[in-house]
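Enquirer: Got a structure for you, run_16.pdb, holding PDB, C-alpha atoms.
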MODEL        1
ATOM      1  CA  MET Q   1     117.822-157.044 129.241
ATOM      2  CA  LYS Q   2     115.675-156.433 126.169
ATOM      3  CA  ILE Q   3     118.221-153.977 124.757
ATOM      4  CA  ILE Q   4     121.102-156.424 125.256
ATOM      5  CA  VAL Q   5     119.203-159.274 123.627
ATOM      6  CA  THR Q   6     117.884-157.178 120.757
ATOM      7  CA  TYR Q   7     120.806-154.923 119.933
ATOM      8  CA  GLY Q   8     123.780-156.489 121.758
ATOM      9  CA  PRO Q   9     125.348-158.341 118.824
ATOM     10  CA  VAL Q  10     125.023-155.302 116.564
ATOM     11  CA  ILE Q  11     126.520-152.950 119.156
ATOM     12  CA  GLY Q  12     129.322-155.446 119.808
ATOM     13  CA  ALA Q  13     130.100-155.751 116.090
ATOM     14  CA  VAL Q  14     130.237-151.964 115.704
ATOM     15  CA  ILE Q  15     132.568-151.609 118.696
ATOM     16  CA  LEU Q  16     134.769-154.413 117.338
ATOM     17  CA  ALA Q  17     134.953-152.765 113.898
ATOM     18  CA  VAL Q  18     135.823-149.390 115.419
ATOM     19  CA  TYR Q  19     138.513-151.018 117.569
ATOM     20  CA  VAL Q  20     140.089-152.727 114.552
ATOM     21  CA  PHE Q  21     140.055-149.417 112.643
ATOM     22  CA  VAL Q  22     141.654-147.507 115.542
ATOM     23  CA  LEU Q  23     144.149-150.323 116.051
ATOM     24  CA  ARG Q  24     145.279-150.115 112.410
ATOM     25  CA  ILE Q  25     145.868-146.385 112.751
ATOM     26  CA  TYR Q  26     147.718-146.876 116.050
ATOM     27  CA  VAL Q  27     149.931-149.623 114.613
ATOM     28  CA  SER Q  28     150.825-147.478 111.608
ATOM     29  CA  VAL Q  29     151.946-144.662 113.948
ATOM     30  CA  LYS Q  30     153.755-146.779 116.585
ATOM     31  CA  GLU Q  31     156.054-149.740 116.193
ATOM     32  CA  LYS Q  32     154.215-152.990 115.628
ATOM     33  CA  ASP Q  33     156.089-154.997 118.268
ATOM     34  CA  THR Q  34     155.257-152.684 121.185
ATOM     35  CA  VAL Q  35     151.565-152.609 120.336
ATOM     36  CA  ALA Q  36     151.044-156.211 119.302
ATOM     37  CA  GLU Q  37     150.880-158.069 122.624
ATOM     38  CA  THR Q  38     148.498-155.703 124.431
ATOM     39  CA  CYS Q  39     146.230-155.312 121.427
ATOM     40  CA  LYS Q  40     146.035-159.063 120.840
ATOM     41  CA  ARG Q  41     144.682-159.575 124.377
ATOM     42  CA  ILE Q  42     142.110-156.790 123.993
ATOM     43  CA  TYR Q  43     141.079-158.110 120.572
ATOM     44  CA  LYS Q  44     140.629-161.656 121.940
ATOM     45  CA  LEU Q  45     138.532-160.337 124.851
ATOM     46  CA  MET Q  46     136.360-158.369 122.422
ATOM     47  CA  ILE Q  47     135.818-161.462 120.249
ATOM     48  CA  ILE Q  48     134.804-163.460 123.341
ATOM     49  CA  ALA Q  49     132.403-160.670 124.379
ATOM     50  CA  GLU Q  50     130.866-160.609 120.886
ATOM     51  CA  VAL Q  51     130.360-164.388 120.935
ATOM     52  CA  ALA Q  52     128.749-164.076 124.390
ATOM     53  CA  LEU Q  53     126.402-161.319 123.144
ATOM     54  CA  CYS Q  54     125.372-163.444 120.153
ATOM     55  CA  GLY Q  55     124.799-166.415 122.464
ATOM     56  CA  ILE Q  56     122.641-164.308 124.789
ATOM     57  CA  ALA Q  57     120.646-162.954 121.846
ATOM     58  CA  PHE Q  58     120.032-166.492 120.605
ATOM     59  CA  LEU Q  59     119.394-168.335 123.895
ATOM     60  CA  VAL Q  60     117.472-165.891 126.120
ATOM     61  CA  PRO Q  61     114.334-165.653 123.925
ATOM     62  CA  ARG Q  62     114.220-169.430 123.580
ATOM     63  CA  VAL Q  63     114.651-170.084 127.302
ATOM     64  CA  THR Q  64     112.239-167.396 128.541
ATOM     65  CA  GLY Q  65     109.725-167.694 125.673
ATOM     66  CA  GLU Q  66     109.349-163.888 125.683
ATOM     67  CA  SER Q  67     109.374-161.594 122.694
ATOM     68  CA  TYR Q  68     112.482-159.498 122.269
ATOM     69  CA  LEU Q  69     111.500-157.782 119.037
ATOM     70  CA  PRO Q  70     112.035-154.041 119.032
ATOM     71  CA  ASP Q  71     108.991-151.816 118.468
ATOM     72  CA  GLY Q  72     107.902-151.816 114.849
ATOM     73  CA  ALA Q  73     109.692-155.070 113.973
ATOM     74  CA  THR Q  74     108.332-158.273 112.456
ATOM     75  CA  GLN Q  75     109.837-161.731 112.288
ATOM     76  CA  GLY Q  76     108.974-163.880 109.278
ATOM     77  CA  GLY Q  77     106.438-161.441 107.862
ATOM     78  CA  VAL Q  78     104.722-161.350 104.475
ATOM     79  CA  ILE Q  79     102.255-158.706 103.295
ATOM     80  CA  VAL Q  80     100.170-159.071 100.139
ATOM     81  CA  ASN Q  81      97.901-156.227  99.088
ATOM     82  CA  THR Q  82      95.668-156.756  96.020
ATOM     83  CA  LYS Q  83      92.584-155.047  94.588
ATOM     84  CA  SER Q  84      90.340-157.448  96.468
ATOM     85  CA  ALA Q  85      92.231-158.503  99.607
ATOM     86  CA  PHE Q  86      94.759-157.505 102.237
ATOM     87  CA  GLN Q  87      96.786-160.444 103.564
ATOM     88  CA  ILE Q  88      99.365-160.600 106.344
ATOM     89  CA  ALA Q  89     101.267-163.551 107.772
ATOM     90  CA  TYR Q  90     104.046-163.518 110.351
ATOM     91  CA  LYS Q  91     105.700-165.595 113.049
ATOM     92  CA  GLU Q  92     105.950-162.697 115.490
ATOM     93  CA  SER Q  93     105.309-158.978 115.223
ATOM     94  CA  ASN Q  94     105.539-155.922 117.405
ATOM     95  CA  ARG Q  95     103.598-153.516 115.190
ATOM     96  CA  GLY Q  96     100.238-152.890 113.576
ATOM     97  CA  TYR Q  97      99.320-153.134 109.913
ATOM     98  CA  SER Q  98      97.003-150.669 108.268
ATOM     99  CA  ASP Q  99      95.301-150.138 104.923
ATOM    100  CA  THR Q 100      92.819-147.491 103.802
ATOM    101  CA  LEU Q 101      90.267-148.724 101.288
ATOM    102  CA  GLU Q 102      87.717-147.034  99.068
ATOM    103  CA  LEU Q 103      84.604-149.200  99.455
ATOM    104  CA  ASP Q 104      81.218-148.914  97.765
ATOM    105  CA  GLU Q 105      77.936-150.375  99.109
ATOM    106  CA  GLU Q 106      78.513-153.770  97.483
ATOM    107  CA  ASP Q 107      82.028-153.967  98.923
ATOM    108  CA  LEU Q 108      80.755-153.051 102.413
ATOM    109  CA  ALA Q 109      78.352-156.004 102.297
ATOM    110  CA  ARG Q 110      81.186-158.402 101.351
ATOM    111  CA  VAL Q 111      83.910-157.445 103.848
ATOM    112  CA  ARG Q 112      85.159-160.728 105.279
ATOM    113  CA  VAL Q 113      87.950-161.324 107.784
ATOM    114  CA  ARG Q 114      89.891-164.534 108.261
ATOM    115  CA  CYS Q 115      92.417-164.691 111.058
ATOM    116  CA  SER Q 116      94.229-167.479 112.848
ATOM    117  CA  SER Q 117      96.766-167.189 115.645
ATOM    118  CA  ASP Q 118      98.620-169.854 117.643
ATOM    119  CA  GLU Q 119      99.040-167.518 120.636
ATOM    120  CA  GLY Q 120      97.842-164.133 121.828
ATOM    121  CA  LYS Q 121      95.001-161.941 120.606
ATOM    122  CA  VAL Q 122      94.458-160.161 117.291
ATOM    123  CA  PHE Q 123      92.218-157.103 116.904
ATOM    124  CA  LEU Q 124      90.856-155.225 113.916
ATOM    125  CA  ARG Q 125      90.275-151.493 114.262
ATOM    126  CA  ILE Q 126      87.941-149.957 111.712
ATOM    127  CA  GLN Q 127      87.807-146.185 111.340
ATOM    128  CA  GLN Q 128      85.907-143.781 109.134
ATOM    129  CA  GLU Q 129      86.021-140.132 110.195
ATOM    130  CA  GLN Q 130      84.274-140.101 113.623
ATOM    131  CA  THR Q 131      83.107-143.725 113.523
ATOM    132  CA  HIS Q 132      85.414-146.216 115.263
ATOM    133  CA  LYS Q 133      85.040-149.916 115.916
ATOM    134  CA  GLU Q 134      87.442-152.468 117.399
ATOM    135  CA  ILE Q 135      86.745-156.192 117.295
ATOM    136  CA  ASP Q 136      88.596-159.274 118.470
ATOM    137  CA  ILE Q 137      89.276-161.348 115.343
ATOM    138  CA  THR Q 138      91.441-164.058 116.914
ATOM    139  CA  ASN Q 139      90.717-167.337 115.101
ATOM    140  CA  THR Q 140      87.796-165.841 113.151
ATOM    141  CA  ASP Q 141      86.345-166.459 109.701
ATOM    142  CA  SER Q 142      83.257-164.308 109.190
ATOM    143  CA  LEU Q 143      81.631-161.382 107.431
ATOM    144  CA  LEU Q 144      82.054-158.087 109.255
ATOM    145  CA  ASP Q 145      79.088-156.018 110.367
ATOM    146  CA  MET Q 146      79.743-152.765 108.492
ATOM    147  CA  THR Q 147      76.306-151.172 109.085
ATOM    148  CA  ASP Q 148      77.879-148.300 111.071
ATOM    149  CA  PHE Q 149      79.983-147.279 108.075
ATOM    150  CA  LEU Q 150      79.148-145.413 104.876
ATOM    151  CA  PRO Q 151      80.573-146.056 101.402
ATOM    152  CA  GLY Q 152      83.885-144.245 100.999
ATOM    153  CA  ARG Q 153      87.340-144.326 102.568
ATOM    154  CA  ILE Q 154      87.656-146.680 105.532
ATOM    155  CA  THR Q 155      90.865-147.505 107.404
ATOM    156  CA  PHE Q 156      91.434-151.043 108.675
ATOM    157  CA  THR Q 157      94.224-151.624 111.192
ATOM    158  CA  MET Q 158      95.203-155.084 112.392
ATOM    159  CA  VAL Q 159      96.907-155.073 115.820
ATOM    160  CA  ASN Q 160      98.072-157.988 117.914
ATOM    161  CA  GLU Q 161      98.754-158.590 121.582
ATOM    162  CA  ASP Q 162     101.493-161.220 121.789
ATOM    163  CA  GLY Q 163     100.186-162.860 118.605
ATOM    164  CA  ARG Q 164     102.360-165.598 117.162
ATOM    165  CA  ASN Q 165     102.084-167.436 113.864
ATOM    166  CA  VAL Q 166      99.320-165.133 112.668
ATOM    167  CA  ASP Q 167      97.582-165.478 109.290
ATOM    168  CA  PHE Q 168      95.239-162.599 108.509
ATOM    169  CA  GLU Q 169      93.131-161.838 105.441
ATOM    170  CA  LEU Q 170      90.682-159.016 104.858
ATOM    171  CA  GLU Q 171      88.654-159.531 101.681
ATOM    172  CA  TRP Q 172      86.135-157.064 100.235
ATOM    173  CA  ARG Q 173      85.633-158.023  96.573
ATOM    174  CA  GLU Q 174      85.234-161.175  94.601
ATOM    175  CA  ALA Q 175      88.572-162.035  93.040
TER     176      ALA Q 175
ENDMDL
END
Will you turn the file into structure tokens for me?
Expert:
Amino acid sequence: MKIIVTYGPVIGAVILAVYVFVLRIYVSVKEKDTVAETCKRIYKLMIIAEVALCGIAFLVPRVTGESYLPDGATQGGVIVNTKSAFQIAYKESNRGYSDTLELDEEDLARVRVRCSSDEGKVFLRIQQEQTHKEIDITNTDSLLDMTDFLPGRITFTMVNEDGRNVDFELEWREA
């Protein structure tokens, strides 16, 4: 069902376009009158199928309340990456967001995370060589405990589990 909801209208549009292309070639080879009646019926059925696929893609997620985003997709997403902060906001996402930062001792002491989510859970994975840490940051506004990490390159990855309407900010320097 997820494939039909996610890709159905696109697949239907491609099939419809290919049919119209093949039909034009067929009509140019054969007489128009012999082809017209049969092709009109097929074309009308394909238009009805395309409308049905679009209706399914629109209605099913709203009725079931489930996410039908394909892997790696985001709905209503904005990413802002500056010298002092990493900000992400989205309605719904089926992917993680990552940034590798070069932090000195002062920056490590100032790493702050702000995250709000209407639904689901949001996690922050912090990695530096062999040191790994994962924390639940759902609806959090606090300084991070970075005592396990040394100054240098550190990778921060924000991942969600069914998170909706998420606003995330990782700040490490004064603006």
Enquirer: The PyMOL selection byres ((chain Q and resi 13) around 12) on the file shown: which residues, as a ChimeraX atom specification?
Expert: /Q:7-12,14-20,46-54
Enquirer: Kindly export the residues of the current selection with C-alpha atoms, as a PDB file, in the coordinates of the input.
Expert:
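Generated output (result07.pdb):
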ATOM      1  CA  TYR Q   7     120.806-154.923 119.933  1.00  0.00           C
ATOM      2  CA  GLY Q   8     123.780-156.489 121.758  1.00  0.00           C
ATOM      3  CA  PRO Q   9     125.348-158.341 118.824  1.00  0.00           C
ATOM      4  CA  VAL Q  10     125.023-155.302 116.564  1.00  0.00           C
ATOM      5  CA  ILE Q  11     126.520-152.950 119.156  1.00  0.00           C
ATOM      6  CA  GLY Q  12     129.322-155.446 119.808  1.00  0.00           C
ATOM      7  CA  VAL Q  14     130.237-151.964 115.704  1.00  0.00           C
ATOM      8  CA  ILE Q  15     132.568-151.609 118.696  1.00  0.00           C
ATOM      9  CA  LEU Q  16     134.769-154.413 117.338  1.00  0.00           C
ATOM     10  CA  ALA Q  17     134.953-152.765 113.898  1.00  0.00           C
ATOM     11  CA  VAL Q  18     135.823-149.390 115.419  1.00  0.00           C
ATOM     12  CA  TYR Q  19     138.513-151.018 117.569  1.00  0.00           C
ATOM     13  CA  VAL Q  20     140.089-152.727 114.552  1.00  0.00           C
ATOM     14  CA  MET Q  46     136.360-158.369 122.422  1.00  0.00           C
ATOM     15  CA  ILE Q  47     135.818-161.462 120.249  1.00  0.00           C
ATOM     16  CA  ILE Q  48     134.804-163.460 123.341  1.00  0.00           C
ATOM     17  CA  ALA Q  49     132.403-160.670 124.379  1.00  0.00           C
ATOM     18  CA  GLU Q  50     130.866-160.609 120.886  1.00  0.00           C
ATOM     19  CA  VAL Q  51     130.360-164.388 120.935  1.00  0.00           C
ATOM     20  CA  ALA Q  52     128.749-164.076 124.390  1.00  0.00           C
ATOM     21  CA  LEU Q  53     126.402-161.319 123.144  1.00  0.00           C
ATOM     22  CA  CYS Q  54     125.372-163.444 120.153  1.00  0.00           C
TER      23      CYS Q  54
END
Enquirer: Do you know which residues the PyMOL selection byres ((chain Q and resi 111-114) around 8) returns on this file, as a PDB file with C-alpha atoms, in the coordinates of the input?
Expert:
ATOM      1  CA  ASP Q 107      82.028-153.967  98.923  1.00  0.00           C
ATOM      2  CA  LEU Q 108      80.755-153.051 102.413  1.00  0.00           C
ATOM      3  CA  ALA Q 109      78.352-156.004 102.297  1.00  0.00           C
ATOM      4  CA  ARG Q 110      81.186-158.402 101.351  1.00  0.00           C
ATOM      5  CA  CYS Q 115      92.417-164.691 111.058  1.00  0.00           C
ATOM      6  CA  SER Q 116      94.229-167.479 112.848  1.00  0.00           C
ATOM      7  CA  ILE Q 137      89.276-161.348 115.343  1.00  0.00           C
ATOM      8  CA  ASN Q 139      90.717-167.337 115.101  1.00  0.00           C
ATOM      9  CA  THR Q 140      87.796-165.841 113.151  1.00  0.00           C
ATOM     10  CA  ASP Q 141      86.345-166.459 109.701  1.00  0.00           C
ATOM     11  CA  SER Q 142      83.257-164.308 109.190  1.00  0.00           C
ATOM     12  CA  LEU Q 143      81.631-161.382 107.431  1.00  0.00           C
ATOM     13  CA  LEU Q 144      82.054-158.087 109.255  1.00  0.00           C
ATOM     14  CA  MET Q 146      79.743-152.765 108.492  1.00  0.00           C
ATOM     15  CA  ASP Q 167      97.582-165.478 109.290  1.00  0.00           C
ATOM     16  CA  PHE Q 168      95.239-162.599 108.509  1.00  0.00           C
ATOM     17  CA  GLU Q 169      93.131-161.838 105.441  1.00  0.00           C
ATOM     18  CA  LEU Q 170      90.682-159.016 104.858  1.00  0.00           C
ATOM     19  CA  GLU Q 171      88.654-159.531 101.681  1.00  0.00           C
ATOM     20  CA  TRP Q 172      86.135-157.064 100.235  1.00  0.00           C
ATOM     21  CA  ARG Q 173      85.633-158.023  96.573  1.00  0.00           C
TER      22      ARG Q 173
END
Enquirer: So the first atom is CA of Leu150 (chain Q) and the second is CA of Glu134 (chain Q); what is the distance between them in Å, to one decimal place?
Expert: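 CA of Glu134 (chain Q) lies 16.6 Å from CA of Leu150 (chain Q).
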Enquirer: From the options Q:Gly76, Q:Thr82, Q:Gln130, Q:Val63, which residue's atoms come nearest to Glu174 (chain Q), counting only C-alpha atoms?
Expert: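 Nearest to Glu174 (chain Q): Q:Thr82.
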Enquirer: Just to confirm, what's the straight-line distance from CA of Asp104 (chain Q) to CA of Asp136 (chain Q) in Å (one decimal)?
Expert: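 Separating CA of Asp104 (chain Q) from CA of Asp136 (chain Q) is a distance of 24.3 Å.
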Enquirer: Residues within 7 Å of region 121-127 of chain Q, please, as a PyMOL selection string. Count all atoms listed in the file; anything in the same chain fewer than 2 positions from it doesn't count.
Expert: chain Q and resi 119+129+131-138+154-163
Enquirer: Taking all atoms listed in the file into account, name the residue in Q:Ile79, Q:Asp118, Q:Ile56, Q:Arg153 that is nearest to Glu102 (chain Q).
Expert: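 Residue with the minimum atom-to-atom distance to Glu102 (chain Q): Q:Arg153.
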Enquirer: Go ahead and compute the interatomic distance for CA of Gln87 (chain Q) and CA of Asp148 (chain Q), in Å to one decimal.
Expert: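 One can read the CA of Gln87 (chain Q) to CA of Asp148 (chain Q) distance as 23.7 Å.
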Enquirer: Between Q:Ser117, Q:Ser98, Q:Gln128, Q:Gln75, which residue has the minimum interatomic distance to Arg164 (chain Q), considering all atoms listed in the file?
Expert: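 Comparing Q:Ser117, Q:Ser98, Q:Gln128, Q:Gln75 against Arg164 (chain Q), the winner is Q:Ser117.
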Enquirer: Write out as a PyMOL selection string the residues lying within 6 Å of Thr74 (chain Q), counting all atoms listed in the file and excluding same-chain residues fewer than 3 positions away.
Expert: chain Q and resi 77+92-93
